[in-house]
>>> print(open('protein-v2.json').read())   # JSON, C-alpha atoms
[["chain", "number", "residue", "atom", "x", "y", "z"],
["I", 1, "MET", "CA", 288.15, 20.04, 112.68],
["I", 2, "GLY", "CA", 286.90, 21.01, 109.24],
["I", 3, "THR", "CA", 289.38, 18.74, 107.52],
["I", 4, "GLY", "CA", 288.18, 15.78, 109.55],
["I", 5, "LEU", "CA", 284.61, 16.55, 108.66],
["I", 6, "GLY", "CA", 285.39, 16.76, 104.98],
["I", 7, "LEU", "CA", 287.33, 13.52, 105.14],
["I", 8, "GLY", "CA", 284.48, 11.79, 106.96],
["I", 9, "VAL", "CA", 281.88, 12.90, 104.46],
["I", 10, "GLY", "CA", 284.21, 11.87, 101.66],
["I", 11, "ILE", "CA", 284.52, 8.38, 103.14],
["I", 12, "ALA", "CA", 280.74, 8.19, 103.53],
["I", 13, "ALA", "CA", 280.31, 9.23, 99.89],
["I", 14, "LEU", "CA", 282.82, 6.55, 98.88],
["I", 15, "GLY", "CA", 280.92, 3.81, 100.67],
["I", 16, "VAL", "CA", 277.55, 4.93, 99.41],
["I", 17, "GLY", "CA", 278.92, 5.19, 95.88],
["I", 18, "ILE", "CA", 280.11, 1.59, 96.05],
["I", 19, "GLY", "CA", 276.72, 0.52, 97.40],
["I", 20, "LEU", "CA", 274.77, 2.34, 94.68],
["I", 21, "GLY", "CA", 277.06, 0.85, 92.05],
["I", 22, "LEU", "CA", 276.47, -2.65, 93.38],
["I", 23, "ILE", "CA", 272.70, -2.14, 93.32],
["I", 24, "GLY", "CA", 272.84, -0.83, 89.75],
["I", 25, "ASN", "CA", 275.06, -3.72, 88.75],
["I", 26, "GLY", "CA", 272.72, -6.32, 90.20],
["I", 27, "ALA", "CA", 269.61, -4.73, 88.78],
["I", 28, "LEU", "CA", 271.12, -4.36, 85.30],
["I", 29, "GLN", "CA", 272.28, -7.97, 85.26],
["I", 30, "GLY", "CA", 268.86, -9.14, 86.33],
["I", 31, "MET", "CA", 267.18, -6.99, 83.70],
["I", 32, "ALA", "CA", 269.48, -8.27, 80.97],
["I", 33, "ARG", "CA", 268.84, -11.87, 81.89],
["I", 34, "GLN", "CA", 265.10, -11.48, 82.29],
["I", 35, "PRO", "CA", 263.74, -8.53, 80.32],
["I", 36, "GLU", "CA", 260.15, -9.42, 81.19],
["I", 37, "ALA", "CA", 260.81, -8.72, 84.89],
["I", 38, "ILE", "CA", 262.02, -5.16, 84.29],
["I", 39, "GLY", "CA", 259.05, -3.53, 86.00],
["I", 40, "LYS", "CA", 259.41, -5.42, 89.26],
["I", 41, "LEU", "CA", 263.19, -5.10, 89.24],
["I", 42, "GLN", "CA", 262.97, -1.33, 88.74],
["I", 43, "THR", "CA", 260.67, -0.99, 91.72],
["I", 44, "ALA", "CA", 262.90, -3.00, 94.00],
["I", 45, "MET", "CA", 266.01, -1.24, 92.69],
["I", 46, "LEU", "CA", 264.59, 2.22, 93.33],
["I", 47, "ILE", "CA", 263.61, 1.30, 96.88],
["I", 48, "ALA", "CA", 267.06, -0.11, 97.57],
["I", 49, "LEU", "CA", 268.66, 3.01, 96.07],
["I", 50, "ALA", "CA", 266.54, 5.17, 98.34],
["I", 51, "PHE", "CA", 267.61, 3.27, 101.44],
["I", 52, "VAL", "CA", 271.30, 3.42, 100.58],
["I", 53, "GLU", "CA", 271.07, 7.09, 99.72],
["I", 54, "LEU", "CA", 269.45, 7.79, 103.07],
["I", 55, "VAL", "CA", 272.59, 6.62, 104.86],
["I", 56, "PHE", "CA", 274.66, 9.29, 103.17],
["I", 57, "LEU", "CA", 272.05, 11.96, 103.83],
["I", 58, "LEU", "CA", 271.98, 10.99, 107.50],
["I", 59, "THR", "CA", 275.76, 11.27, 107.61],
["I", 60, "VAL", "CA", 275.68, 14.71, 106.03],
["I", 61, "PHE", "CA", 273.01, 16.01, 108.38],
["I", 62, "VAL", "CA", 274.41, 14.49, 111.54],
["I", 63, "ALA", "CA", 278.05, 15.46, 110.94],
["I", 64, "PRO", "CA", 277.66, 19.26, 111.40],
["I", 65, "PHE", "CA", 276.07, 18.69, 114.81],
["I", 66, "LEU", "CA", 278.92, 16.51, 116.01],
["I", 67, "ILE", "CA", 281.50, 19.29, 115.91],
["I", 68, "HIS", "CA", 279.65, 21.48, 118.40],
["J", 1, "MET", "CA", 284.06, 24.10, 105.65],
["J", 2, "ASP", "CA", 281.77, 26.62, 104.01],
["J", 3, "ALA", "CA", 279.37, 23.95, 102.81],
["J", 4, "PHE", "CA", 278.97, 22.61, 106.32],
["J", 5, "GLN", "CA", 278.35, 26.03, 107.73],
["J", 6, "LEU", "CA", 275.62, 26.31, 105.11],
["J", 7, "ILE", "CA", 274.07, 22.98, 105.94],
["J", 8, "GLY", "CA", 274.26, 23.21, 109.70],
["J", 9, "PRO", "CA", 272.09, 26.25, 110.40],
["J", 10, "SER", "CA", 269.75, 25.63, 107.49],
["J", 11, "ILE", "CA", 268.22, 22.59, 109.21],
["J", 12, "LEU", "CA", 266.95, 24.95, 111.88],
["J", 13, "ALA", "CA", 266.35, 27.78, 109.44],
["J", 14, "SER", "CA", 262.59, 27.37, 109.42],
["J", 15, "ALA", "CA", 262.32, 28.70, 112.99],
["J", 16, "ASP", "CA", 264.28, 31.80, 111.99],
["J", 17, "ALA", "CA", 262.10, 32.32, 108.95],
["J", 18, "LEU", "CA", 258.99, 32.15, 111.11],
["J", 19, "SER", "CA", 260.24, 34.79, 113.48],
["J", 20, "ALA", "CA", 261.56, 36.98, 110.68],
["J", 21, "LYS", "CA", 258.32, 37.51, 108.77],
["J", 22, "GLU", "CA", 255.13, 36.73, 110.58],
["J", 23, "PRO", "CA", 252.24, 35.57, 108.41],
["J", 24, "THR", "CA", 249.44, 38.11, 108.41],
["J", 25, "ILE", "CA", 245.74, 37.38, 108.20],
["J", 26, "TRP", "CA", 245.60, 39.26, 104.89],
["J", 27, "GLY", "CA", 248.10, 36.97, 103.29],
["J", 28, "LEU", "CA", 246.00, 33.99, 104.34],
["J", 29, "ALA", "CA", 242.82, 35.64, 103.05],
["J", 30, "ALA", "CA", 244.43, 36.40, 99.71],
["J", 31, "TYR", "CA", 245.62, 32.80, 99.49],
["J", 32, "ILE", "CA", 242.15, 31.43, 100.21],
["J", 33, "VAL", "CA", 240.57, 33.75, 97.64],
["J", 34, "PHE", "CA", 243.14, 32.60, 95.09],
["J", 35, "VAL", "CA", 242.38, 28.94, 95.71],
["J", 36, "LEU", "CA", 238.63, 29.57, 95.56],
["J", 37, "LEU", "CA", 239.01, 31.40, 92.25],
["J", 38, "ILE", "CA", 240.92, 28.49, 90.76],
["J", 39, "LEU", "CA", 238.30, 26.03, 92.01],
["J", 40, "PHE", "CA", 235.51, 28.18, 90.62],
["J", 41, "ALA", "CA", 237.19, 28.39, 87.22],
["J", 42, "LEU", "CA", 237.67, 24.63, 87.18],
["J", 43, "MET", "CA", 234.02, 24.02, 88.06],
["J", 44, "VAL", "CA", 232.81, 26.38, 85.35],
["J", 45, "TYR", "CA", 235.08, 24.59, 82.90],
["J", 46, "ALA", "CA", 233.81, 21.19, 84.01],
["J", 47, "LYS", "CA", 230.16, 22.25, 83.87],
["J", 48, "LYS", "CA", 230.41, 22.83, 80.12],
["J", 49, "GLY", "CA", 230.60, 19.08, 79.73],
["J", 50, "LEU", "CA", 233.37, 16.63, 79.02],
["J", 51, "GLY", "CA", 233.14, 16.12, 75.31],
["J", 52, "VAL", "CA", 235.57, 15.47, 72.51],
["J", 53, "ARG", "CA", 237.11, 18.80, 73.42],
["J", 54, "VAL", "CA", 238.48, 17.28, 76.63],
["J", 55, "PHE", "CA", 239.22, 13.71, 75.65],
["J", 56, "LYS", "CA", 241.18, 14.62, 72.53],
["J", 57, "ASN", "CA", 243.20, 17.14, 74.53],
["J", 58, "PRO", "CA", 246.94, 16.30, 74.77],
["J", 59, "VAL", "CA", 246.97, 17.55, 78.36],
["J", 60, "THR", "CA", 244.18, 15.13, 79.19],
["J", 61, "SER", "CA", 246.02, 12.21, 77.67],
["J", 62, "LEU", "CA", 249.15, 13.22, 79.56],
["J", 63, "PHE", "CA", 247.24, 13.03, 82.82],
["J", 64, "GLU", "CA", 245.72, 9.74, 81.74],
["J", 65, "GLN", "CA", 249.22, 8.37, 81.34],
["J", 66, "LEU", "CA", 250.07, 9.67, 84.79],
["J", 67, "TYR", "CA", 246.99, 7.99, 86.21],
["J", 68, "LEU", "CA", 247.91, 4.70, 84.56],
["J", 69, "PHE", "CA", 251.41, 4.99, 85.99],
["J", 70, "ILE", "CA", 250.14, 5.53, 89.53],
["J", 71, "GLU", "CA", 247.56, 2.77, 89.09],
["J", 72, "ASN", "CA", 250.25, 0.33, 87.97],
["J", 73, "MET", "CA", 252.33, 1.26, 90.99],
["J", 74, "CYS", "CA", 249.47, 0.82, 93.45],
["J", 75, "VAL", "CA", 248.13, -2.42, 91.98],
["J", 76, "GLY", "CA", 251.63, -3.78, 91.44],
["J", 77, "SER", "CA", 252.87, -3.29, 94.97],
["J", 78, "ILE", "CA", 249.71, -3.50, 97.10],
["J", 79, "GLY", "CA", 247.60, -5.91, 95.10],
["J", 80, "GLN", "CA", 244.12, -5.79, 93.65],
["J", 81, "HIS", "CA", 242.65, -3.94, 96.63],
["J", 82, "GLY", "CA", 245.27, -1.22, 96.17],
["J", 83, "ARG", "CA", 243.04, 0.52, 93.65],
["J", 84, "LYS", "CA", 241.40, 2.31, 96.55],
["J", 85, "TYR", "CA", 244.62, 4.14, 97.45],
["J", 86, "ILE", "CA", 245.14, 5.70, 94.02],
["J", 87, "PRO", "CA", 243.79, 9.18, 94.92],
["J", 88, "MET", "CA", 246.06, 9.44, 97.95],
["J", 89, "MET", "CA", 249.13, 8.34, 96.00],
["J", 90, "MET", "CA", 248.22, 10.65, 93.13],
["J", 91, "THR", "CA", 248.01, 13.56, 95.58],
["J", 92, "PHE", "CA", 251.40, 12.76, 97.05],
["J", 93, "TRP", "CA", 253.02, 12.35, 93.66],
["J", 94, "MET", "CA", 251.62, 15.55, 92.18],
["J", 95, "MET", "CA", 252.41, 17.58, 95.27],
["J", 96, "ILE", "CA", 256.02, 16.45, 95.53],
["J", 97, "PHE", "CA", 256.62, 16.61, 91.80],
["J", 98, "VAL", "CA", 255.24, 20.12, 91.43],
["J", 99, "GLY", "CA", 257.16, 21.22, 94.51],
["J", 100, "ASN", "CA", 260.38, 19.80, 93.09],
["J", 101, "ILE", "CA", 259.81, 21.32, 89.66],
["J", 102, "VAL", "CA", 259.25, 24.73, 91.25],
["J", 103, "GLY", "CA", 262.63, 24.23, 92.91],
["J", 104, "LEU", "CA", 264.30, 23.99, 89.49],
["J", 105, "LEU", "CA", 263.26, 27.48, 88.52],
["J", 106, "PHE", "CA", 263.14, 29.38, 91.82],
["J", 107, "PRO", "CA", 265.55, 29.53, 94.75],
["J", 108, "PHE", "CA", 262.86, 28.53, 97.23],
["J", 109, "THR", "CA", 260.50, 25.61, 97.09],
["J", 110, "PRO", "CA", 258.25, 23.84, 99.58],
["J", 111, "THR", "CA", 260.02, 20.50, 99.29],
["J", 112, "ALA", "CA", 263.39, 22.08, 100.16],
["J", 113, "ASP", "CA", 261.94, 22.89, 103.58],
["J", 114, "LEU", "CA", 262.07, 20.24, 106.28],
["J", 115, "SER", "CA", 258.79, 21.23, 107.91],
["J", 116, "PHE", "CA", 256.75, 20.68, 104.75],
["J", 117, "ASN", "CA", 258.34, 17.28, 104.17],
["J", 118, "LEU", "CA", 257.88, 16.26, 107.78],
["J", 119, "GLY", "CA", 254.21, 17.22, 107.61],
["J", 120, "MET", "CA", 253.73, 15.16, 104.48],
["J", 121, "ALA", "CA", 255.58, 12.18, 105.96],
["J", 122, "LEU", "CA", 253.43, 12.41, 109.09],
["J", 123, "ILE", "CA", 250.31, 12.35, 106.94],
["J", 124, "ALA", "CA", 251.60, 9.33, 105.04],
["J", 125, "VAL", "CA", 252.60, 7.32, 108.13],
["J", 126, "CYS", "CA", 249.44, 8.17, 110.06],
["J", 127, "TYR", "CA", 247.35, 7.19, 107.04],
["J", 128, "VAL", "CA", 249.18, 3.86, 106.88],
["J", 129, "GLN", "CA", 248.42, 3.23, 110.57],
["J", 130, "TYR", "CA", 244.79, 4.21, 110.07],
["J", 131, "GLU", "CA", 244.41, 1.85, 107.12],
["J", 132, "GLY", "CA", 246.05, -0.96, 109.07],
["J", 133, "MET", "CA", 243.58, -0.46, 111.89],
["J", 134, "GLN", "CA", 240.70, -0.41, 109.39],
["J", 135, "VAL", "CA", 241.75, -3.66, 107.78],
["J", 136, "ASN", "CA", 243.01, -5.71, 110.75],
["J", 137, "GLY", "CA", 241.18, -4.03, 113.61],
["J", 138, "VAL", "CA", 243.00, -2.08, 116.31],
["J", 139, "PHE", "CA", 244.25, -5.11, 118.24],
["J", 140, "GLY", "CA", 245.08, -7.03, 115.09],
["J", 141, "HIS", "CA", 247.16, -4.10, 113.94],
["J", 142, "LEU", "CA", 248.98, -3.89, 117.27],
["J", 143, "ARG", "CA", 249.52, -7.65, 117.31],
["J", 144, "HIS", "CA", 251.10, -7.23, 113.89],
["J", 145, "PHE", "CA", 253.92, -5.30, 115.56],
["J", 146, "ALA", "CA", 254.73, -8.07, 118.02],
["J", 147, "GLY", "CA", 255.97, -10.45, 115.34],
["J", 148, "PRO", "CA", 255.18, -14.19, 115.25],
["J", 149, "LYS", "CA", 253.43, -15.91, 118.14],
["J", 150, "LEU", "CA", 256.01, -17.31, 120.57],
["J", 151, "PRO", "CA", 255.33, -19.85, 123.30],
["J", 152, "GLY", "CA", 255.73, -19.49, 127.07],
["J", 153, "ALA", "CA", 258.53, -17.36, 128.45],
["J", 154, "MET", "CA", 259.45, -16.02, 125.01],
["J", 155, "VAL", "CA", 256.91, -13.25, 125.63],
["J", 156, "ILE", "CA", 259.85, -11.04, 126.61],
["J", 157, "ILE", "CA", 261.23, -11.36, 123.11],
["J", 158, "SER", "CA", 257.82, -10.43, 121.72],
["J", 159, "GLY", "CA", 257.96, -7.30, 123.86],
["J", 160, "LEU", "CA", 261.40, -6.47, 122.49],
["J", 161, "ILE", "CA", 260.21, -6.96, 118.93],
["J", 162, "PHE", "CA", 257.21, -4.75, 119.68],
["J", 163, "THR", "CA", 259.44, -1.94, 120.96],
["J", 164, "ILE", "CA", 261.78, -2.15, 118.00],
["J", 165, "GLU", "CA", 258.87, -2.19, 115.56],
["J", 166, "ILE", "CA", 257.37, 0.91, 117.18],
["J", 167, "ILE", "CA", 260.72, 2.69, 116.93],
["J", 168, "SER", "CA", 261.12, 1.73, 113.29],
["J", 169, "GLU", "CA", 257.58, 2.91, 112.63],
["J", 170, "LEU", "CA", 258.47, 6.28, 114.14],
["J", 171, "MET", "CA", 261.69, 6.43, 112.14],
["J", 172, "LYS", "CA", 259.71, 6.09, 108.91],
["J", 173, "ASN", "CA", 258.73, 9.73, 109.36],
["J", 174, "VAL", "CA", 262.34, 10.78, 109.67],
["J", 175, "SER", "CA", 263.53, 8.72, 106.74],
["J", 176, "LEU", "CA", 260.76, 9.83, 104.38],
["J", 177, "SER", "CA", 261.09, 13.52, 105.17],
["J", 178, "LEU", "CA", 264.87, 13.65, 105.46],
["J", 179, "ARG", "CA", 265.37, 11.85, 102.16],
["J", 180, "LEU", "CA", 263.25, 14.33, 100.23],
["J", 181, "TYR", "CA", 264.66, 17.33, 102.07],
["J", 182, "GLY", "CA", 268.25, 16.19, 101.66],
["J", 183, "ASN", "CA", 267.92, 15.52, 97.97],
["J", 184, "ILE", "CA", 266.21, 18.76, 97.05],
["J", 185, "HIS", "CA", 268.09, 21.04, 99.42],
["J", 186, "GLY", "CA", 271.37, 19.31, 98.65],
["J", 187, "GLY", "CA", 270.71, 19.80, 94.95],
["J", 188, "HIS", "CA", 270.25, 23.52, 95.59],
["J", 189, "LEU", "CA", 273.50, 23.70, 97.51],
["J", 190, "ALA", "CA", 275.36, 21.83, 94.77],
["J", 191, "VAL", "CA", 274.03, 24.14, 92.06],
["J", 192, "GLU", "CA", 275.01, 27.15, 94.14],
["J", 193, "ALA", "CA", 278.52, 25.83, 94.69],
["J", 194, "MET", "CA", 279.00, 25.08, 91.00],
["J", 195, "ASN", "CA", 277.69, 28.53, 90.08],
["J", 196, "ASN", "CA", 280.29, 30.04, 92.38],
["J", 197, "LEU", "CA", 282.88, 27.91, 90.61],
["J", 198, "GLY", "CA", 282.00, 29.48, 87.27],
["J", 199, "ASN", "CA", 281.79, 33.01, 88.60],
["J", 200, "LYS", "CA", 285.09, 34.10, 87.07],
["J", 201, "ILE", "CA", 284.11, 33.23, 83.51],
["J", 202, "TYR", "CA", 280.55, 34.56, 83.83],
["J", 203, "LEU", "CA", 278.98, 31.20, 83.15],
["J", 204, "PRO", "CA", 276.37, 29.59, 85.44],
["J", 205, "ILE", "CA", 277.92, 26.13, 85.26],
["J", 206, "GLY", "CA", 275.64, 24.72, 87.95],
["J", 207, "VAL", "CA", 272.46, 25.63, 86.11],
["J", 208, "LEU", "CA", 273.81, 24.41, 82.79],
["J", 209, "VAL", "CA", 275.16, 21.10, 84.03],
["J", 210, "LEU", "CA", 273.03, 20.11, 86.98],
["J", 211, "LEU", "CA", 269.59, 21.15, 85.77],
["J", 212, "LEU", "CA", 268.91, 17.94, 83.84],
["J", 213, "ILE", "CA", 270.21, 15.77, 86.66],
["J", 214, "LYS", "CA", 268.02, 17.69, 89.07],
["J", 215, "LEU", "CA", 265.02, 17.09, 86.80],
["J", 216, "LEU", "CA", 265.72, 13.37, 87.07],
["J", 217, "THR", "CA", 266.07, 13.72, 90.85],
["J", 218, "CYS", "CA", 262.71, 15.50, 91.02],
["J", 219, "LEU", "CA", 261.00, 12.65, 89.21],
["J", 220, "VAL", "CA", 262.74, 9.91, 91.17],
["J", 221, "GLN", "CA", 262.15, 11.50, 94.56],
["J", 222, "ALA", "CA", 258.43, 11.91, 93.91],
["J", 223, "LEU", "CA", 258.35, 8.30, 92.71],
["J", 224, "ILE", "CA", 260.26, 7.02, 95.75],
["J", 225, "PHE", "CA", 258.12, 8.82, 98.31],
["J", 226, "THR", "CA", 254.94, 7.49, 96.71],
["J", 227, "MET", "CA", 256.33, 4.01, 96.22],
["J", 228, "LEU", "CA", 257.55, 3.72, 99.80],
["J", 229, "THR", "CA", 254.12, 4.76, 101.03],
["J", 230, "CYS", "CA", 252.67, 2.04, 98.79],
["J", 231, "VAL", "CA", 255.07, -0.51, 100.23],
["J", 232, "TYR", "CA", 254.21, 0.47, 103.81],
["J", 233, "LEU", "CA", 250.52, 0.18, 102.94],
["J", 234, "SER", "CA", 251.05, -3.24, 101.40],
["J", 235, "LEU", "CA", 252.97, -4.41, 104.50],
["J", 236, "VAL", "CA", 250.08, -3.35, 106.71],
["J", 237, "THR", "CA", 247.09, -4.45, 104.62],
["J", 238, "HIS", "CA", 248.26, -7.60, 102.86],
["J", 239, "HIS", "CA", 247.20, -10.02, 105.59],
["J", 240, "GLU", "CA", 244.02, -11.71, 104.47],
["J", 241, "GLU", "CA", 244.85, -11.70, 100.77],
["J", 242, "ASP", "CA", 248.25, -13.21, 101.45],
["J", 243, "SER", "CA", 246.78, -16.09, 103.48],
["J", 244, "SER", "CA", 244.25, -16.88, 100.75],
["J", 245, "ASP", "CA", 247.01, -16.74, 98.15],
["J", 246, "GLY", "CA", 249.11, -19.09, 100.25],
["J", 247, "GLY", "CA", 246.19, -21.49, 100.49],
["J", 248, "HIS", "CA", 245.83, -21.56, 96.72],
["J", 249, "GLY", "CA", 249.53, -22.04, 96.32],
["J", 250, "GLU", "CA", 249.55, -24.99, 98.68],
["J", 251, "ALA", "CA", 246.55, -26.53, 96.95],
["J", 252, "ALA", "CA", 248.25, -26.16, 93.57],
["J", 253, "GLY", "CA", 251.43, -27.62, 94.99],
["J", 254, "ALA", "CA", 249.54, -30.62, 96.41],
["J", 255, "HIS", "CA", 248.18, -31.39, 92.96]]
>>> encode(input="protein-v2.json", output="structure tokens")
Amino acid sequence: MGTGLGLGVGIAALGVGIGLGLIGNGALQGMARQPEAIGKLQTAMLIALAFVELVFLLTVFVAPFLIH
Amino acid sequence: MDAFQLIGPSILASADALSAKEPTIWGLAAYIVFVLLILFALMVYAKKGLGVRVFKNPVTSLFEQLYLFIENMCVGSIGQHGRKYIPMMMTFWMMIFVGNIVGLLFPFTPTADLSFNLGMALIAVCYVQYEGMQVNGVFGHLRHFAGPKLPGAMVIISGLIFTIEIISELMKNVSLSLRLYGNIHGGHLAVEAMNNLGNKIYLPIGVLVLLLIKLLTCLVQALIFTMLTCVYLSLVTHHEEDSSDGGHGEAAGAH
């Protein structure tokens, strides 16, 4: 049971890591191409980061309840 | 497995804490006296006048920078009428940031407790609804939930959209509070685990390595909570300004 949980959270962390990396990649490319838009891009990037991060947090908080 | 056993009960830990040590009336009285003393000291300090002594103060300029930062955020995401929400956003930012910073130095902090975060998220979401009703009127605000106007028998779809919008509005509470709680509490757990890792060599690895990252997390989480509240506010209150902007845009395009 515990092994499955650990594996599941690991997979969730993998997916969220890929998502965060993609967001950072896109934002950095946009910033490099258009340095004058850095302020707006940072705002949008942080919001997107928050939403992706929430998925992992939900996974972590829901998973312990599923084993009972 | 140990980490999950830690996380699982700690979501419900606030109920245990309440039953374990009941708050007494004397604790509350002492707290109120403390707050009143601070307020009194601040008023005495302010009554002496705001002269060069205050405006040349580095602390003052620090807070001016903070004010400019919050003002940029409000005006940038809500628009010109967002200036009115600066005090609210400032309160949120300061409260969350101070709570997070306390968490760096002490094992317990308000923002690592789900009930505090849920209360703050409730305040934020209810304030957003209130502002929406102030700007659009009660029925205008409710109509906002039903999506675009659809003809004839498509009313059913409007009802579906309305239901989904209400659910998503309720989930904003959960997402705001759980994000903050998860980040701060998870940071505590990670530091604890890394400290256990370095137990054998008598070196608090977690504190040494993770403290700076946690400082960044503190800043970013305060920023994200405030910014998301700003975005929700802008979604609710942007109606009339947006239509006038669109009109100008169309006029410019026609020329």
>>> atom_distance(input="protein-v2.json", atom1="atom CA of J:Glu165", atom2="atom CA of J:Ala146")
7.6 Å
>>> axis_aligned_box(input="protein-v2.json", around="stretch 9-17 of chain I", padding_each_side="6 Å", output="lines of an AutoDock Vina configuration file")
center_x = 281.0
center_y = 8.4
center_z = 100.2
size_x = 19.0
size_y = 21.1
size_z = 20.6
>>> closest_residue(input="protein-v2.json", among="J:Asn117, J:Ser77, J:Gln65, J:Thr109", to="J:Asn173", atoms="only C-alpha atoms")
J:Asn117
>>> closest_atom_pairs(input="protein-v2.json", of="stretch 166-221 of chain J", to="stretch 33-57 of chain I", cutoff="10 Å", atoms="only C-alpha atoms", output="CSV")
residue,atom,partner,partner_atom,distance
J:Ser175,CA,I:Leu54,CA,7.0
J:Leu176,CA,I:Leu54,CA,9.0
J:Leu178,CA,I:Leu57,CA,7.6
J:Arg179,CA,I:Leu54,CA,5.8
J:Leu180,CA,I:Leu54,CA,9.4
J:Tyr181,CA,I:Leu57,CA,9.3
J:Gly182,CA,I:Leu57,CA,6.1
J:Asn183,CA,I:Leu57,CA,8.0
J:Gly186,CA,I:Leu57,CA,9.0
J:Val220,CA,I:Leu46,CA,8.2
J:Gln221,CA,I:Ala50,CA,8.6
>>> atom_distance(input="protein-v2.json", atom1="atom CA of J:Leu197", atom2="atom CA of I:Gly21")
27.7 Å
>>> closest_residue(input="protein-v2.json", among="J:Phe34, J:Tyr130, J:Tyr202, J:Phe69", to="chain I", atoms="all atoms listed in the file")
J:Phe69
>>> closest_residue(input="protein-v2.json", among="J:Val209, J:Cys74, J:Val138, J:Ile167", to="chain I", atoms="all atoms listed in the file")
J:Cys74
>>> atom_distance(input="protein-v2.json", atom1="atom CA of J:Val128", atom2="atom CA of J:Thr229")
7.7 Å
>>> closest_residue(input="protein-v2.json", among="J:Lys84, J:Ile184, J:Thr111, J:Gly132", to="J:Ile213", atoms="all atoms listed in the file")
J:Ile184
>>> closest_residue(input="protein-v2.json", among="J:Val174, J:Leu68, J:Ala29, J:Leu160", to="J:Ser115", atoms="all atoms listed in the file")
J:Val174
>>> residues_around(input="protein-v2.json", residues="J:Asn195", least_positions_apart="5", cutoff="6 Å", atoms="all atoms listed in the file", output="PyMOL selection string")
chain J and resi 204-206
>>> closest_residue(input="protein-v2.json", among="I:Leu14, I:Ala27, I:Leu5, I:Leu22", to="chain J", atoms="all atoms listed in the file")
I:Leu5
>>> residues_around(input="protein-v2.json", residues="J:Val135", least_positions_apart="6", cutoff="12 Å", atoms="all atoms listed in the file", output="number ranges by chain")
J: 81, 128-129, 141-142, 144, 233-241
>>> decode(input="protein-v2.json", residues="stretch 28-40 of chain J", atoms="N, CA and C atoms", output="mmCIF file, in the first residue's frame")
data_model
loop_
_atom_site.group_PDB
_atom_site.id
_atom_site.type_symbol
_atom_site.label_atom_id
_atom_site.label_comp_id
_atom_site.auth_asym_id
_atom_site.auth_seq_id
_atom_site.Cartn_x
_atom_site.Cartn_y
_atom_site.Cartn_z
ATOM 1 N N LEU J 28 -6.969 35.971 25.824
ATOM 2 C CA LEU J 28 -7.575 36.926 24.900
ATOM 3 C C LEU J 28 -7.379 38.349 25.398
ATOM 4 N N ALA J 29 -7.597 38.543 26.725
ATOM 5 C CA ALA J 29 -7.447 39.884 27.294
ATOM 6 C C ALA J 29 -6.010 40.374 27.132
ATOM 7 N N ALA J 30 -5.061 39.495 27.399
ATOM 8 C CA ALA J 30 -3.659 39.884 27.264
ATOM 9 C C ALA J 30 -3.354 40.255 25.827
ATOM 10 N N TYR J 31 -3.930 39.489 24.899
ATOM 11 C CA TYR J 31 -3.707 39.764 23.477
ATOM 12 C C TYR J 31 -4.249 41.129 23.111
ATOM 13 N N ILE J 32 -5.473 41.432 23.567
ATOM 14 C CA ILE J 32 -6.092 42.716 23.236
ATOM 15 C C ILE J 32 -5.278 43.865 23.822
ATOM 16 N N VAL J 33 -4.827 43.694 25.074
ATOM 17 C CA VAL J 33 -4.012 44.739 25.696
ATOM 18 C C VAL J 33 -2.725 44.954 24.907
ATOM 19 N N PHE J 34 -2.151 43.893 24.437
ATOM 20 C CA PHE J 34 -0.914 43.975 23.643
ATOM 21 C C PHE J 34 -1.141 44.779 22.377
ATOM 22 N N VAL J 35 -2.225 44.438 21.660
ATOM 23 C CA VAL J 35 -2.539 45.156 20.422
ATOM 24 C C VAL J 35 -2.813 46.629 20.695
ATOM 25 N N LEU J 36 -3.562 46.910 21.771
ATOM 26 C CA LEU J 36 -3.869 48.301 22.103
ATOM 27 C C LEU J 36 -2.604 49.070 22.430
ATOM 28 N N LEU J 37 -1.671 48.434 23.136
ATOM 29 C CA LEU J 37 -0.404 49.097 23.462
ATOM 30 C C LEU J 37 0.347 49.454 22.189
ATOM 31 N N ILE J 38 0.401 48.528 21.259
ATOM 32 C CA ILE J 38 1.110 48.801 20.007
ATOM 33 C C ILE J 38 0.449 49.957 19.272
ATOM 34 N N LEU J 39 -0.888 49.938 19.211
ATOM 35 C CA LEU J 39 -1.606 51.012 18.529
ATOM 36 C C LEU J 39 -1.332 52.354 19.201
ATOM 37 N N PHE J 40 -1.344 52.355 20.533
ATOM 38 C CA PHE J 40 -1.111 53.577 21.282
ATOM 39 C C PHE J 40 0.290 54.120 20.990
#
